[in-house]
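Engineer: One structure follows; several queries about it will come next.
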Amino acid sequence: MVVTQENVAVNGSRRLSAQEIADALRTRIRRGDLKPGDRLPTQAELADEFGVERGTVRQALRALQEDGLLSSVSRGSPPRIAEPSPTGDEPQPTMVALAPRLAEAFAVPHVRIDVACLTAETLMLALGEPLRQVHEGRVLPRSIDVRILLPSRKINLAFPISVDDPGDDEDPVHRRWLDQRNAQGHVLRHNLLALRATHGIDVHVTFRALPFTPPVKLYLLNGAEALMGYYMVTRREEEVDSQTLEMYDTLGAASLLFSFERRAGQRDAAFVDQSQKWFDALWETITTDLTLT
């Protein structure tokens with residue numbers, strides 16, 4: 001299949017750099033507009049589309065090839081979109097896998113991140129990388145919309161809970177979780193909303209409360225990728241205010257994330273679609289407004 005070219009407006013007389021062209025093509029690949037096996041337009045067609053010299057196009061294509069996104073980059077026939085690398089699909093711990101994928105997600109003009117999780121700690125930390133790239137001028141989305149589902153404070157959590165006295169609002173383990181949920185959510189929202197003042201980005205961060213404890217964590221990136229990890233429950237102890245708390249808890253940052261990308265084929269695309277529908281259904285039905293105290 002030969003992909004028809006898209007028109008990209010050039011800002012005045014300024015010529016796009018090779019990096020900007022690579023980012024634009026990378027966005028099309030991530031979005032699924034360009035699928036594995038598709039041919040790109042010729043270098044001449046791309047040069048005409050982006051208003052640059054062929055040498056700039058060749059630099060952009062080499063960058064995409066180095067990222068493993070293109071195959072057969074040469075002066076001959078147009079390159080094809082590479083098949084996803086099996087090694088790249090291996091699950092990784094959340095703190096390893098999430099930050100680079102969020103950084104890629106921030107390369108598009110309109111960023112949409114949907115998350116269902118137990119607390120916002122991992123997301124808060126992983127957003128440090130794309131925020132750094134925004135402040136460095138490497139990416140500059142026009143809008144960022146983040147929606148987060150967290151457990152309600154009013155439910156009896158399945159975890160974390162005290163081993164000896166679970167299910168009580170006065171449970172110190174429950175209070176500890178609630179304090180963390182609220183503090184991490186405040187920091188995450190503050191860091192994102194600050195981009196309005198510093199870079200003029202239209203940012204929206206919204207929380208809603210789940211009426212149950214999520215057994216998995218789910219990250220949906222621009223409708224193009226779903227990352228899912230299981231919460232593994234373990235028994236452990238922690239010192240809090242000179243008190244030893246014995247609890248059933250999870251180590252969320254160490255959970256392996258499994259990636260499903262729309263461009264990887266029908267099976268992955270169906271998982272992404274169903275995950276998005278599941279999230280949207282929860283958001284619009286049984287969840288409630290969540291105010292961070």
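Lettering and numbering for the structure tokens are positional, with chains as A, B, ... in the shown order, residues counted from 1 in each chain, and ligands counted from 1 in the shown order.
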Write out as a ChimeraX atom specification which residues come within 8 Å of Val139 of chain A when counting only C-alpha atoms, dropping same-chain ones fewer than 5 positions away.
Structural biologist: /A:106-107,133-134
Engineer: Would you save the residues from that selection as a CSV table (one decimal), in the first residue's frame, using N, CA, C and O atoms?
Structural biologist:
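Saved the output as result-v4.csv:
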chain,number,residue,atom,x,y,z
A,106,PHE,N,3.7,13.2,24.1
A,106,PHE,CA,3.6,14.7,24.2
A,106,PHE,C,4.2,15.3,22.9
A,106,PHE,O,4.2,16.5,22.7
A,107,ALA,N,4.5,14.5,21.9
A,107,ALA,CA,5.1,15.0,20.6
A,107,ALA,C,4.0,15.4,19.7
A,107,ALA,O,4.3,15.9,18.6
A,133,GLN,N,11.1,18.0,28.6
A,133,GLN,CA,11.2,18.3,27.1
A,133,GLN,C,10.4,19.5,26.7
A,133,GLN,O,10.9,20.2,25.8
A,134,VAL,N,9.3,19.7,27.3
A,134,VAL,CA,8.5,21.0,27.0
A,134,VAL,C,9.3,22.2,27.4
A,134,VAL,O,9.5,23.2,26.7
Engineer: Which neighbours of Thr291 of chain A fall inside 12 Å, counting only C-alpha atoms, when residues of the same chain fewer than 4 positions from it are skipped, and could you give them as a VMD selection string?
Structural biologist: chain A and resid 149 to 153 178 181 to 183 185 to 186 206 to 209
Engineer: Those residues with N, CA, C and O atoms, as a short mmCIF file (atom, residue, chain, number, x, y, z; two decimals), in the first residue's frame please?
Structural biologist:
data_model
loop_
_atom_site.label_atom_id
_atom_site.label_comp_id
_atom_site.auth_asym_id
_atom_site.auth_seq_id
_atom_site.Cartn_x
_atom_site.Cartn_y
_atom_site.Cartn_z
N LEU A 149 -8.71 8.43 36.94
CA LEU A 149 -9.64 7.74 37.82
C LEU A 149 -8.88 7.19 39.01
O LEU A 149 -7.91 6.44 38.86
N LEU A 150 -9.32 7.56 40.23
CA LEU A 150 -8.71 7.10 41.48
C LEU A 150 -9.82 6.57 42.39
O LEU A 150 -10.96 7.02 42.31
N PRO A 151 -9.51 5.65 43.30
CA PRO A 151 -10.54 5.15 44.21
C PRO A 151 -11.12 6.26 45.09
O PRO A 151 -10.40 7.17 45.52
N SER A 152 -12.39 6.17 45.34
CA SER A 152 -13.06 7.12 46.23
C SER A 152 -12.58 6.92 47.67
O SER A 152 -12.28 5.80 48.09
N ARG A 153 -12.56 8.00 48.43
CA ARG A 153 -12.20 7.91 49.85
C ARG A 153 -13.29 7.24 50.66
O ARG A 153 -13.07 6.82 51.79
N LEU A 178 -4.88 7.80 51.69
CA LEU A 178 -5.64 8.97 51.31
C LEU A 178 -4.76 10.21 51.26
O LEU A 178 -4.86 11.02 50.32
N ARG A 181 -2.70 9.88 48.10
CA ARG A 181 -3.53 10.11 46.91
C ARG A 181 -3.74 11.58 46.66
O ARG A 181 -3.59 12.09 45.53
N ASN A 182 -4.08 12.33 47.73
CA ASN A 182 -4.37 13.75 47.59
C ASN A 182 -3.11 14.56 47.29
O ASN A 182 -3.11 15.43 46.41
N ALA A 183 -2.02 14.29 48.00
CA ALA A 183 -0.79 15.06 47.81
C ALA A 183 -0.22 14.85 46.41
O ALA A 183 0.18 15.81 45.73
N GLY A 185 -1.82 13.88 43.73
CA GLY A 185 -2.71 14.48 42.75
C GLY A 185 -2.53 15.99 42.66
O GLY A 185 -2.55 16.56 41.56
N HIS A 186 -2.34 16.64 43.80
CA HIS A 186 -2.11 18.09 43.81
C HIS A 186 -0.83 18.44 43.06
O HIS A 186 -0.80 19.39 42.26
N THR A 206 -8.37 16.53 35.15
CA THR A 206 -9.62 16.23 35.83
C THR A 206 -9.51 14.88 36.53
O THR A 206 -8.97 13.92 35.97
N PHE A 207 -10.04 14.82 37.76
CA PHE A 207 -10.07 13.59 38.53
C PHE A 207 -11.52 13.16 38.73
O PHE A 207 -12.41 14.00 38.91
N ARG A 208 -11.76 11.84 38.72
CA ARG A 208 -13.04 11.29 39.14
C ARG A 208 -12.78 10.09 40.04
O ARG A 208 -11.71 9.46 39.98
N ALA A 209 -13.78 9.80 40.90
CA ALA A 209 -13.61 8.78 41.93
C ALA A 209 -14.27 7.46 41.52
O ALA A 209 -15.44 7.43 41.14
#
Engineer: Between atom CA of Arg176 of chain A and atom CA of Pro160 of chain A, measure the distance and give it in Å to one decimal.
Structural biologist: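 These atoms are spaced 9.3 Å apart.
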Engineer: Go through A:Gln19, A:Ser77, A:Thr250, A:Gln184 one by one, measure the shortest atom-to-atom distance of each to Ile161 of chain A using only C-alpha atoms, and give the residue with the smallest value.
Structural biologist: A:Thr250
Engineer: Mind dumping a table of every segment 153-209 of chain A residue within 8 Å of segment 213-232 of chain A, with the nearest atom pair and its distance in Å to one decimal, using only C-alpha atoms, sorted by chain and rising number, as a tab-separated table?
Structural biologist:
residue	atom	partner	partner_atom	distance
A:Leu157	CA	A:Thr213	CA	5.8
A:Ala158	CA	A:Thr213	CA	6.0
A:Phe159	CA	A:Thr213	CA	7.3
Engineer: Which residues are close to segment 210-212 of chain A, i.e. within 12 Å by only C-alpha atoms, leaving aside same-chain residues fewer than 5 positions away? Reply as JSON, numbers by chain.
Structural biologist: {"A": [115, 116, 117, 118, 119, 148, 149, 150, 151, 152, 153, 154, 155, 156, 157, 158, 159, 279, 281, 282, 283, 284, 285, 286, 287, 288, 289, 290]}
Engineer: Looking only at the backbone, which of the residues in segment 163-197 of chain A does DSSP tag as helix (DSSP H, G or I), as a list in words?
Structural biologist: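 Listing helix (DSSP H, G or I) positions across segment 163-197 of chain A yields Pro172, Val173, His174, Arg175, Arg176, Trp177, Leu178, Asp179, Gln180, Arg181, Asn182, Ala183, Gln184, Gly185, His186, Val187, Leu188, Arg189, His190, Asn191, Leu192, Leu193, Ala194, Leu195, Arg196 and Ala197 of chain A.
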Engineer: Would you mind telling me which residue in A:Met247, A:Ala105, A:Val187, A:Leu257 lies nearest to Leu125 of chain A when using only C-alpha atoms?
Structural biologist: A:Val187
Engineer: Using DSSP assignments from the backbone, pull out every residue in segment 137-252 of chain A that falls under strand (DSSP E) and give it to me as a tab-separated table (two decimals) with C-alpha atoms, in the first residue's frame.
Structural biologist:
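Output below, filename states_30.tsv:
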chain	number	residue	atom	x	y	z
A	143	SER	CA	-3.29	21.25	24.32
A	144	ILE	CA	-2.99	18.62	27.06
A	145	ASP	CA	-6.05	16.83	28.45
A	146	VAL	CA	-5.42	14.45	31.36
A	147	ARG	CA	-8.21	12.43	32.99
A	148	ILE	CA	-7.49	10.31	36.05
A	149	LEU	CA	-9.64	7.74	37.82
A	150	LEU	CA	-8.71	7.10	41.48
A	151	PRO	CA	-10.54	5.15	44.21
A	161	ILE	CA	-5.36	-2.23	54.25
A	162	SER	CA	-4.13	-3.10	57.72
A	202	ASP	CA	-4.24	24.74	26.98
A	203	VAL	CA	-4.12	22.27	29.89
A	204	HIS	CA	-6.97	20.42	31.57
A	205	VAL	CA	-6.52	17.95	34.46
A	206	THR	CA	-9.62	16.23	35.83
A	207	PHE	CA	-10.07	13.59	38.53
A	208	ARG	CA	-13.04	11.29	39.14
A	209	ALA	CA	-13.61	8.78	41.93
A	210	LEU	CA	-13.99	5.05	41.36
A	216	VAL	CA	-4.86	-3.14	37.45
A	217	LYS	CA	-3.35	0.15	36.37
A	218	LEU	CA	-4.16	1.43	32.90
A	219	TYR	CA	-2.58	4.23	30.87
A	220	LEU	CA	-4.18	5.28	27.56
A	221	LEU	CA	-1.97	7.51	25.40
A	225	GLU	CA	-1.47	2.90	22.92
A	226	ALA	CA	-2.70	1.15	26.05
A	227	LEU	CA	-0.30	0.23	28.86
A	228	MET	CA	-1.63	-2.17	31.48
A	229	GLY	CA	-0.06	-3.60	34.62
A	230	TYR	CA	-1.34	-5.82	37.42
A	233	VAL	CA	-0.69	-7.63	46.48
A	234	THR	CA	1.92	-8.39	49.13
A	235	ARG	CA	2.17	-8.34	52.91
A	236	ARG	CA	4.71	-5.85	54.25
A	237	GLU	CA	5.58	-3.49	57.10
A	238	GLU	CA	6.26	0.24	57.09
A	239	GLU	CA	7.25	2.72	59.80
A	240	VAL	CA	4.87	5.69	59.92
A	243	GLN	CA	4.41	3.24	64.43
A	244	THR	CA	4.96	-0.04	62.61
A	245	LEU	CA	2.12	-0.63	60.18
A	246	GLU	CA	1.60	-4.16	58.92
A	247	MET	CA	-0.43	-4.07	55.74
A	248	TYR	CA	-1.52	-5.74	52.55
A	249	ASP	CA	-0.21	-3.40	49.87
A	250	THR	CA	1.10	-3.24	46.32
Engineer: Name the closest residue to Leu40 of chain A among the candidates A:Leu123, A:Asp23, A:Leu61, A:Pro141; distances are taken between atoms, counting only C-alpha atoms.
Structural biologist: A:Leu61
Engineer: Determine the nearest neighbour of Arg30 of chain A from the options A:Glu83, A:Gly55, A:Glu104, A:Glu45, counting only C-alpha atoms.
Structural biologist: A:Glu104
Engineer: Please determine, counting only C-alpha atoms, which residue among A:Ala63, A:Leu69, A:Ala270, A:Val57 has the shortest atom-to-atom distance to Leu34 of chain A.
Structural biologist: A:Leu69
Engineer: Give the answer as one residue: which of A:Gln266, A:Ser255, A:Thr27, A:Gln92 has the shortest atom-to-atom distance to Thr122 of chain A, using only C-alpha atoms?
Structural biologist: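 That would be A:Ser255, the residue with the smallest distance to Thr122 of chain A.
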Engineer: Rounded to one decimal in Å, what is the spacing between atom CA of Arg138 of chain A and atom CA of Gly51 of chain A?
Structural biologist: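 It comes out at 20.8 Å.
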